[in-house]
Amino acid sequence: MTWTDCSAANSRLEPRITADGSFSLWSESFDQAFHSARGAIEEARTTFLAPAGLEGLAPRSDVAVLELCVGTGTNTAQLLDRCRKLDLKLRWWGLESDRRPLQLALADPRFRCQCSEQSLELLDSLAKTGSCRAGPMLWGDARQSLQNLMPKVEAQCDLVIHDAFSPRVCPELWSLEFLTLVARCLKPEGRIVTYCSAAAVRQCLKLVGLHQAGLPPPTGSGPHQWSGGTVASWKVLELKPPLQAFTAMELEHQLTRAAQPYRDPRLNATSEQIRQDRQQKQLLGTGLSTSAWRRRWQGEAGLTDPGRFPPS
Ligand SMILES: C[S@@+](CC[C@H](N)C(=O)[O-])C[C@H]1O[C@@H](n2cnc3c(N)ncnc32)[C@H](O)[C@@H]1O
């Protein structure tokens, strides 16, 4: 597939090179970048792998990973390399609705250059056959795929990498109902790791009954970026770096209207329906004003929405 084929499709995907030199994409339909502008590989390592707890596992251990929103396969490639380095036996399931990001990445020499030969071999196999030695790729809406996959993954996962677009543009993958399903995949000590620190998502994880920790803002980020993401588990999380307790500002964020959950009772609503339903509940709700919270902390942190990065 070429960029021209891609532009001809009903929504464009455009290549981007991020600050660490690694390959990424920008999606026209979601109006959002696939990775942090500071670096796709940097994000895979610091946001998703550093808090995953893989280093604590003994060599030759089995590790089961569910990856939500595989996209270009950047996180997958980094995960494969890390498991190989730590001599872990990876069992993997990948969920993704669009085949193009992986095809486009694999067709681009800049992406191929940044991957190890071993990871490329597995990604090529995923793109061609829908599976690789580590496990299968399930193409389609992750809400449906995960329901189908449940008999295989329920209470099996050491790690869930949740890398959907932000809740504002992709609320269907951050609803209370979807996150309930995701949580059911975890072993008691398993972890969900995400870049997202939205109050609504943290509120859903709390309602599901998970314990949570925050991640520090990326090194070198400005004062506007107040969080680097969220980790959640059925067990109380040991607050070893990079995991940290929520700050007073984050705790207060949870009391605002921004913490109104996204709801998708039958796991088939459109994003517009989910957003509208939430907006109506926010109008009726009694939560603190989110703008007052923002004003209150603005002086200290110069707050902006820590959601996903605008197009470059
Ligand atoms: C932020 S990107 C993922 C980036 C990816 N982890 C990577 O390393 O390239 C979000 C991905 O979610 C996918 N997506 C959007 N809606 C989805 C849905 N309902 N089910 C499954 N995947 C979805 C998009 O096609 C896109 O590839």
# chains A, B, ... in the order shown; residues from 1 in each chain; ligands from 1

call {"tool": "residues_near_ligand", "arguments": {"ligand": "ligand 1", "cutoff": "6 Å", "atoms": "only C-alpha atoms and all ligand atoms", "output": "PyMOL selection string"}}
result
chain A and resi 34+69-75+95-98+140-142+163-165

call {"tool": "closest_atom_pairs", "arguments": {"of": "stretch 11-31 of chain A", "to": "stretch 167-176 of chain A", "cutoff": "10 Å", "atoms": "only C-alpha atoms", "output": "Markdown table"}}
result
| residue | atom | partner | partner_atom | distance |
| --- | --- | --- | --- | --- |
| A:Ser29 | CA | A:Val169 | CA | 9.3 |
| A:Phe30 | CA | A:Val169 | CA | 6.1 |
| A:Asp31 | CA | A:Val169 | CA | 8.3 |

call {"tool": "select_by_dssp", "arguments": {"residues": "stretch 76-302 of chain A", "states": "strand (DSSP E or B)", "output": "VMD selection string"}}
result
chain A and resid 89 to 96 131 to 132 135 to 139 157 to 162 186 to 194 211 to 215 229 to 233 244 256 288

call {"tool": "write_last_selection", "arguments": {"atoms": "C-alpha atoms", "output": "PDB file, in the first residue's frame"}}
result
ATOM      1  CA  LYS A  89       7.781 -16.510  26.807  1.00  0.00           C
ATOM      2  CA  LEU A  90       5.220 -14.141  25.337  1.00  0.00           C
ATOM      3  CA  ARG A  91       1.603 -15.097  24.657  1.00  0.00           C
ATOM      4  CA  TRP A  92       0.013 -12.184  22.840  1.00  0.00           C
ATOM      5  CA  TRP A  93      -3.347 -11.055  21.441  1.00  0.00           C
ATOM      6  CA  GLY A  94      -3.626  -7.876  19.374  1.00  0.00           C
ATOM      7  CA  LEU A  95      -6.855  -5.971  18.651  1.00  0.00           C
ATOM      8  CA  GLU A  96      -7.140  -3.393  15.881  1.00  0.00           C
ATOM      9  CA  SER A 131      -0.979 -14.298  13.389  1.00  0.00           C
ATOM     10  CA  CYS A 132       2.621 -14.813  14.475  1.00  0.00           C
ATOM     11  CA  GLY A 135      -0.247 -15.028  18.986  1.00  0.00           C
ATOM     12  CA  PRO A 136      -3.114 -13.768  16.841  1.00  0.00           C
ATOM     13  CA  MET A 137      -4.277 -10.407  15.630  1.00  0.00           C
ATOM     14  CA  LEU A 138      -8.038  -9.850  15.823  1.00  0.00           C
ATOM     15  CA  TRP A 139      -9.136  -7.371  13.170  1.00  0.00           C
ATOM     16  CA  CYS A 157      -3.337 -11.412  31.247  1.00  0.00           C
ATOM     17  CA  ASP A 158      -0.257 -10.110  33.020  1.00  0.00           C
ATOM     18  CA  LEU A 159      -0.463  -6.923  31.012  1.00  0.00           C
ATOM     19  CA  VAL A 160      -2.989  -4.978  28.954  1.00  0.00           C
ATOM     20  CA  ILE A 161      -1.540  -2.217  26.808  1.00  0.00           C
ATOM     21  CA  HIS A 162      -4.379   0.238  26.177  1.00  0.00           C
ATOM     22  CA  LEU A 186      -6.352  -9.373  34.141  1.00  0.00           C
ATOM     23  CA  LYS A 187      -4.777 -11.910  36.425  1.00  0.00           C
ATOM     24  CA  PRO A 188      -4.995 -10.708  40.052  1.00  0.00           C
ATOM     25  CA  GLU A 189      -1.574  -9.052  39.759  1.00  0.00           C
ATOM     26  CA  GLY A 190      -1.920  -8.110  36.096  1.00  0.00           C
ATOM     27  CA  ARG A 191      -1.788  -4.472  35.016  1.00  0.00           C
ATOM     28  CA  ILE A 192      -3.565  -2.219  32.560  1.00  0.00           C
ATOM     29  CA  VAL A 193      -1.128   0.422  31.348  1.00  0.00           C
ATOM     30  CA  THR A 194      -2.212   3.480  29.413  1.00  0.00           C
ATOM     31  CA  HIS A 211      -6.450   0.090  42.272  1.00  0.00           C
ATOM     32  CA  GLN A 212      -4.578   2.788  40.384  1.00  0.00           C
ATOM     33  CA  ALA A 213      -1.313   4.672  40.219  1.00  0.00           C
ATOM     34  CA  GLY A 214      -0.225   7.603  38.117  1.00  0.00           C
ATOM     35  CA  LEU A 215       2.816   7.962  35.880  1.00  0.00           C
ATOM     36  CA  GLY A 229      -0.581   8.066  32.225  1.00  0.00           C
ATOM     37  CA  THR A 230      -2.304   5.516  34.444  1.00  0.00           C
ATOM     38  CA  VAL A 231      -1.666   1.987  35.700  1.00  0.00           C
ATOM     39  CA  ALA A 232      -4.491  -0.151  37.156  1.00  0.00           C
ATOM     40  CA  SER A 233      -4.639  -3.553  38.819  1.00  0.00           C
ATOM     41  CA  GLN A 244       3.398   7.121  41.823  1.00  0.00           C
ATOM     42  CA  THR A 256     -15.066  17.370  38.839  1.00  0.00           C
ATOM     43  CA  LEU A 288     -17.337  20.394  40.784  1.00  0.00           C
TER      44      LEU A 288
END

call {"tool": "residues_around", "arguments": {"residues": "A:Ser116", "least_positions_apart": "6", "cutoff": "10 Å", "atoms": "only C-alpha atoms", "output": "compact mmCIF listing (two decimals) with C-alpha atoms, in the first residue's frame"}}
result
# COMPACT_ATOMS: atom_id res chain seq x y z
CA ALA A 77 7.82 -4.38 18.26
CA GLN A 78 9.16 -2.87 21.47
CA LEU A 80 8.66 -8.32 21.47
CA ASP A 81 12.21 -7.01 21.86

call {"tool": "atom_distance", "arguments": {"atom1": "atom CA of A:Phe48", "atom2": "atom CA of A:Arg266"}}
result
29.0 Å

call {"tool": "residues_around", "arguments": {"residues": "A:Met150", "least_positions_apart": "3", "cutoff": "12 Å", "atoms": "only C-alpha atoms", "output": "list of chain:residue names"}}
result
A:Leu66, A:Trp93, A:Ala142, A:Arg143, A:Gln144, A:Ser145, A:Leu146, A:Gln147, A:Val153, A:Glu154, A:Ala155, A:Gln156, A:Cys157, A:Thr180, A:Leu181, A:Val182, A:Ala183, A:Arg184, A:Cys185, A:Leu186

call {"tool": "write_last_selection", "arguments": {"atoms": "all heavy atoms", "output": "short mmCIF file (atom, residue, chain, number, x, y, z; two decimals), in the first residue's frame"}}
result
data_model
loop_
_atom_site.label_atom_id
_atom_site.label_comp_id
_atom_site.auth_asym_id
_atom_site.auth_seq_id
_atom_site.Cartn_x
_atom_site.Cartn_y
_atom_site.Cartn_z
N LEU A 66 -2.35 -8.58 26.37
CA LEU A 66 -3.41 -8.16 25.45
C LEU A 66 -3.07 -6.74 25.00
O LEU A 66 -2.88 -5.86 25.85
CB LEU A 66 -4.76 -8.17 26.18
CG LEU A 66 -5.96 -7.60 25.43
CD1 LEU A 66 -6.32 -8.47 24.23
CD2 LEU A 66 -7.15 -7.46 26.37
N TRP A 93 -2.17 -11.26 22.28
CA TRP A 93 -3.35 -11.06 21.44
C TRP A 93 -3.37 -9.58 21.08
O TRP A 93 -3.23 -8.73 21.97
CB TRP A 93 -4.63 -11.40 22.19
CG TRP A 93 -4.72 -12.82 22.63
CD1 TRP A 93 -5.28 -13.86 21.93
CD2 TRP A 93 -4.26 -13.37 23.88
NE1 TRP A 93 -5.18 -15.01 22.67
CE2 TRP A 93 -4.57 -14.74 23.86
CE3 TRP A 93 -3.63 -12.83 25.00
CZ2 TRP A 93 -4.25 -15.59 24.93
CZ3 TRP A 93 -3.31 -13.67 26.06
CH2 TRP A 93 -3.62 -15.03 26.02
N ALA A 142 -12.69 -3.38 18.54
CA ALA A 142 -12.15 -4.06 19.73
C ALA A 142 -13.26 -4.45 20.70
O ALA A 142 -13.10 -5.40 21.47
CB ALA A 142 -11.15 -3.14 20.43
N ARG A 143 -14.38 -3.75 20.67
CA ARG A 143 -15.47 -4.10 21.59
C ARG A 143 -16.02 -5.49 21.27
O ARG A 143 -16.26 -6.30 22.16
CB ARG A 143 -16.59 -3.06 21.50
CG ARG A 143 -16.18 -1.72 22.02
CD ARG A 143 -17.27 -0.68 21.82
NE ARG A 143 -17.52 -0.37 20.41
CZ ARG A 143 -18.41 0.50 19.98
NH1 ARG A 143 -19.18 1.14 20.85
NH2 ARG A 143 -18.57 0.76 18.70
N GLN A 144 -16.19 -5.75 19.97
CA GLN A 144 -16.70 -7.05 19.56
C GLN A 144 -15.61 -8.11 19.69
O GLN A 144 -15.84 -9.21 20.21
CB GLN A 144 -17.20 -6.96 18.10
CG GLN A 144 -18.01 -8.15 17.65
CD GLN A 144 -19.19 -8.43 18.59
OE1 GLN A 144 -19.97 -7.52 18.88
NE2 GLN A 144 -19.29 -9.65 19.10
N SER A 145 -14.40 -7.76 19.24
CA SER A 145 -13.29 -8.73 19.28
C SER A 145 -13.04 -9.21 20.70
O SER A 145 -12.82 -10.39 20.93
CB SER A 145 -12.00 -8.12 18.75
OG SER A 145 -12.18 -7.66 17.45
N LEU A 146 -13.09 -8.27 21.65
CA LEU A 146 -12.76 -8.66 23.02
C LEU A 146 -13.85 -9.57 23.60
O LEU A 146 -13.55 -10.52 24.33
CB LEU A 146 -12.55 -7.42 23.89
CG LEU A 146 -11.96 -7.69 25.27
CD1 LEU A 146 -10.70 -8.55 25.21
CD2 LEU A 146 -11.67 -6.39 26.02
N GLN A 147 -15.11 -9.28 23.24
CA GLN A 147 -16.19 -10.17 23.72
C GLN A 147 -15.97 -11.59 23.17
O GLN A 147 -16.13 -12.57 23.89
CB GLN A 147 -17.55 -9.64 23.28
CG GLN A 147 -17.93 -8.36 24.01
CD GLN A 147 -19.27 -7.80 23.53
OE1 GLN A 147 -20.32 -8.30 23.90
NE2 GLN A 147 -19.21 -6.78 22.69
N VAL A 153 -9.09 -15.23 27.15
CA VAL A 153 -8.22 -14.30 27.89
C VAL A 153 -8.71 -13.97 29.30
O VAL A 153 -7.98 -13.32 30.06
CB VAL A 153 -8.01 -12.97 27.11
CG1 VAL A 153 -7.22 -13.20 25.85
CG2 VAL A 153 -9.33 -12.30 26.80
N GLU A 154 -9.91 -14.40 29.65
CA GLU A 154 -10.45 -14.01 30.96
C GLU A 154 -9.48 -14.43 32.08
O GLU A 154 -9.06 -15.60 32.16
CB GLU A 154 -11.83 -14.64 31.17
CG GLU A 154 -12.42 -14.27 32.52
CD GLU A 154 -13.91 -13.99 32.46
OE1 GLU A 154 -14.60 -14.62 31.63
OE2 GLU A 154 -14.37 -13.14 33.25
N ALA A 155 -9.09 -13.48 32.91
CA ALA A 155 -8.20 -13.70 34.07
C ALA A 155 -6.84 -14.28 33.67
O ALA A 155 -6.18 -14.92 34.48
CB ALA A 155 -8.88 -14.59 35.11
N GLN A 156 -6.42 -14.07 32.43
CA GLN A 156 -5.18 -14.67 31.93
C GLN A 156 -4.04 -13.67 31.77
O GLN A 156 -2.89 -14.07 31.63
CB GLN A 156 -5.42 -15.30 30.53
CG GLN A 156 -6.39 -16.45 30.52
CD GLN A 156 -5.90 -17.59 31.39
OE1 GLN A 156 -4.76 -18.00 31.30
NE2 GLN A 156 -6.77 -18.04 32.29
N CYS A 157 -4.35 -12.37 31.72
CA CYS A 157 -3.34 -11.41 31.25
C CYS A 157 -2.49 -10.81 32.37
O CYS A 157 -3.01 -10.36 33.39
CB CYS A 157 -4.01 -10.29 30.46
SG CYS A 157 -4.73 -10.90 28.94
N THR A 180 -14.68 -2.50 31.94
CA THR A 180 -15.05 -3.64 32.80
C THR A 180 -14.60 -4.94 32.13
O THR A 180 -14.03 -5.84 32.77
CB THR A 180 -16.59 -3.67 33.01
OG1 THR A 180 -16.96 -2.46 33.65
CG2 THR A 180 -17.02 -4.84 33.87
N LEU A 181 -14.83 -5.02 30.83
CA LEU A 181 -14.42 -6.20 30.07
C LEU A 181 -12.89 -6.35 30.07
O LEU A 181 -12.35 -7.44 30.27
CB LEU A 181 -14.93 -6.01 28.64
CG LEU A 181 -15.27 -7.20 27.78
CD1 LEU A 181 -16.33 -8.05 28.46
CD2 LEU A 181 -15.80 -6.72 26.42
N VAL A 182 -12.21 -5.23 29.88
CA VAL A 182 -10.74 -5.24 29.87
C VAL A 182 -10.21 -5.71 31.23
O VAL A 182 -9.31 -6.55 31.30
CB VAL A 182 -10.20 -3.82 29.53
CG1 VAL A 182 -8.69 -3.78 29.68
CG2 VAL A 182 -10.59 -3.43 28.11
N ALA A 183 -10.81 -5.19 32.29
CA ALA A 183 -10.35 -5.56 33.64
C ALA A 183 -10.51 -7.06 33.88
O ALA A 183 -9.69 -7.68 34.56
CB ALA A 183 -11.13 -4.77 34.69
N ARG A 184 -11.58 -7.64 33.31
CA ARG A 184 -11.81 -9.09 33.50
C ARG A 184 -10.70 -9.93 32.87
O ARG A 184 -10.53 -11.10 33.19
CB ARG A 184 -13.16 -9.49 32.91
CG ARG A 184 -14.32 -9.18 33.85
CD ARG A 184 -15.67 -9.42 33.21
NE ARG A 184 -15.76 -10.70 32.54
CZ ARG A 184 -16.67 -11.01 31.61
NH1 ARG A 184 -17.56 -10.10 31.23
NH2 ARG A 184 -16.68 -12.20 31.05
N CYS A 185 -9.92 -9.35 31.98
CA CYS A 185 -8.83 -10.10 31.34
C CYS A 185 -7.63 -10.25 32.27
O CYS A 185 -6.76 -11.10 32.04
CB CYS A 185 -8.35 -9.38 30.08
SG CYS A 185 -9.64 -9.17 28.87
N LEU A 186 -7.56 -9.41 33.31
CA LEU A 186 -6.35 -9.37 34.14
C LEU A 186 -6.28 -10.54 35.12
O LEU A 186 -7.27 -10.89 35.75
CB LEU A 186 -6.32 -8.08 34.97
CG LEU A 186 -6.14 -6.76 34.24
CD1 LEU A 186 -6.24 -5.61 35.24
CD2 LEU A 186 -4.81 -6.72 33.50
#

call {"tool": "closest_residue", "arguments": {"among": "A:Cys196, A:Leu54, A:Val65, A:Leu123", "to": "A:His35", "atoms": "only C-alpha atoms"}}
result
A:Cys196

call {"tool": "residues_around", "arguments": {"residues": "A:Gly39", "least_positions_apart": "3", "cutoff": "10 Å", "atoms": "only C-alpha atoms", "output": "PyMOL selection string"}}
result
chain A and resi 17-24+35-36+42-45

call {"tool": "residues_around", "arguments": {"residues": "stretch 55-62 of chain A", "least_positions_apart": "4", "cutoff": "10 Å", "atoms": "only C-alpha atoms", "output": "PyMOL selection string"}}
result
chain A and resi 49-51+82-91+158

call {"tool": "residues_around", "arguments": {"residues": "A:Pro216", "least_positions_apart": "2", "cutoff": "9 Å", "atoms": "only C-alpha atoms", "output": "ChimeraX atom specification"}}
result
/A:214,218-219,226-229,241-244

call {"tool": "decode", "arguments": {"residues": "stretch 75-91 of chain A", "atoms": "N, CA, C and O atoms", "output": "mmCIF file, in the first residue's frame"}}
result
data_model
loop_
_atom_site.group_PDB
_atom_site.id
_atom_site.type_symbol
_atom_site.label_atom_id
_atom_site.label_comp_id
_atom_site.auth_asym_id
_atom_site.auth_seq_id
_atom_site.Cartn_x
_atom_site.Cartn_y
_atom_site.Cartn_z
ATOM 1 N N ASN A 75 4.392 -0.345 19.463
ATOM 2 C CA ASN A 75 4.410 -0.908 20.823
ATOM 3 C C ASN A 75 4.682 -2.409 20.764
ATOM 4 O O ASN A 75 5.405 -2.953 21.608
ATOM 5 N N THR A 76 4.100 -3.063 19.776
ATOM 6 C CA THR A 76 4.283 -4.513 19.637
ATOM 7 C C THR A 76 5.761 -4.845 19.441
ATOM 8 O O THR A 76 6.292 -5.756 20.090
ATOM 9 N N ALA A 77 6.408 -4.108 18.552
ATOM 10 C CA ALA A 77 7.824 -4.383 18.259
ATOM 11 C C ALA A 77 8.673 -4.186 19.512
ATOM 12 O O ALA A 77 9.559 -5.001 19.815
ATOM 13 N N GLN A 78 8.389 -3.127 20.250
ATOM 14 C CA GLN A 78 9.164 -2.868 21.471
ATOM 15 C C GLN A 78 8.893 -3.938 22.530
ATOM 16 O O GLN A 78 9.799 -4.372 23.238
ATOM 17 N N LEU A 79 7.645 -4.378 22.603
ATOM 18 C CA LEU A 79 7.293 -5.437 23.555
ATOM 19 C C LEU A 79 8.000 -6.747 23.188
ATOM 20 O O LEU A 79 8.552 -7.442 24.057
ATOM 21 N N LEU A 80 7.999 -7.073 21.914
ATOM 22 C CA LEU A 80 8.655 -8.317 21.467
ATOM 23 C C LEU A 80 10.145 -8.280 21.817
ATOM 24 O O LEU A 80 10.699 -9.259 22.335
ATOM 25 N N ASP A 81 10.767 -7.135 21.564
ATOM 26 C CA ASP A 81 12.210 -7.011 21.861
ATOM 27 C C ASP A 81 12.475 -7.140 23.356
ATOM 28 O O ASP A 81 13.424 -7.797 23.779
ATOM 29 N N ARG A 82 11.602 -6.492 24.153
ATOM 30 C CA ARG A 82 11.816 -6.521 25.603
ATOM 31 C C ARG A 82 11.659 -7.952 26.142
ATOM 32 O O ARG A 82 12.441 -8.406 26.961
ATOM 33 N N CYS A 83 10.663 -8.660 25.634
ATOM 34 C CA CYS A 83 10.443 -10.039 26.113
ATOM 35 C C CYS A 83 11.622 -10.924 25.701
ATOM 36 O O CYS A 83 12.047 -11.787 26.469
ATOM 37 N N ARG A 84 12.130 -10.686 24.509
ATOM 38 C CA ARG A 84 13.284 -11.492 24.066
ATOM 39 C C ARG A 84 14.483 -11.199 24.965
ATOM 40 O O ARG A 84 15.169 -12.108 25.423
ATOM 41 N N LYS A 85 14.699 -9.912 25.252
ATOM 42 C CA LYS A 85 15.836 -9.514 26.080
ATOM 43 C C LYS A 85 15.723 -10.119 27.480
ATOM 44 O O LYS A 85 16.721 -10.551 28.071
ATOM 45 N N LEU A 86 14.499 -10.156 28.013
ATOM 46 C CA LEU A 86 14.305 -10.673 29.377
ATOM 47 C C LEU A 86 14.078 -12.180 29.387
ATOM 48 O O LEU A 86 13.832 -12.767 30.441
ATOM 49 N N ASP A 87 14.134 -12.791 28.203
ATOM 50 C CA ASP A 87 13.936 -14.232 28.061
ATOM 51 C C ASP A 87 12.572 -14.668 28.619
ATOM 52 O O ASP A 87 12.474 -15.643 29.367
ATOM 53 N N LEU A 88 11.529 -13.897 28.245
ATOM 54 C CA LEU A 88 10.161 -14.233 28.675
ATOM 55 C C LEU A 88 9.427 -14.894 27.512
ATOM 56 O O LEU A 88 9.647 -14.537 26.349
ATOM 57 N N LYS A 89 8.548 -15.832 27.863
ATOM 58 C CA LYS A 89 7.781 -16.510 26.807
ATOM 59 C C LYS A 89 6.454 -15.776 26.632
ATOM 60 O O LYS A 89 5.564 -15.876 27.478
ATOM 61 N N LEU A 90 6.372 -15.028 25.547
ATOM 62 C CA LEU A 90 5.220 -14.141 25.337
ATOM 63 C C LEU A 90 4.061 -14.866 24.670
ATOM 64 O O LEU A 90 4.226 -15.525 23.653
ATOM 65 N N ARG A 91 2.861 -14.722 25.304
ATOM 66 C CA ARG A 91 1.603 -15.097 24.657
ATOM 67 C C ARG A 91 0.870 -13.798 24.417
ATOM 68 O O ARG A 91 0.666 -13.034 25.372
#
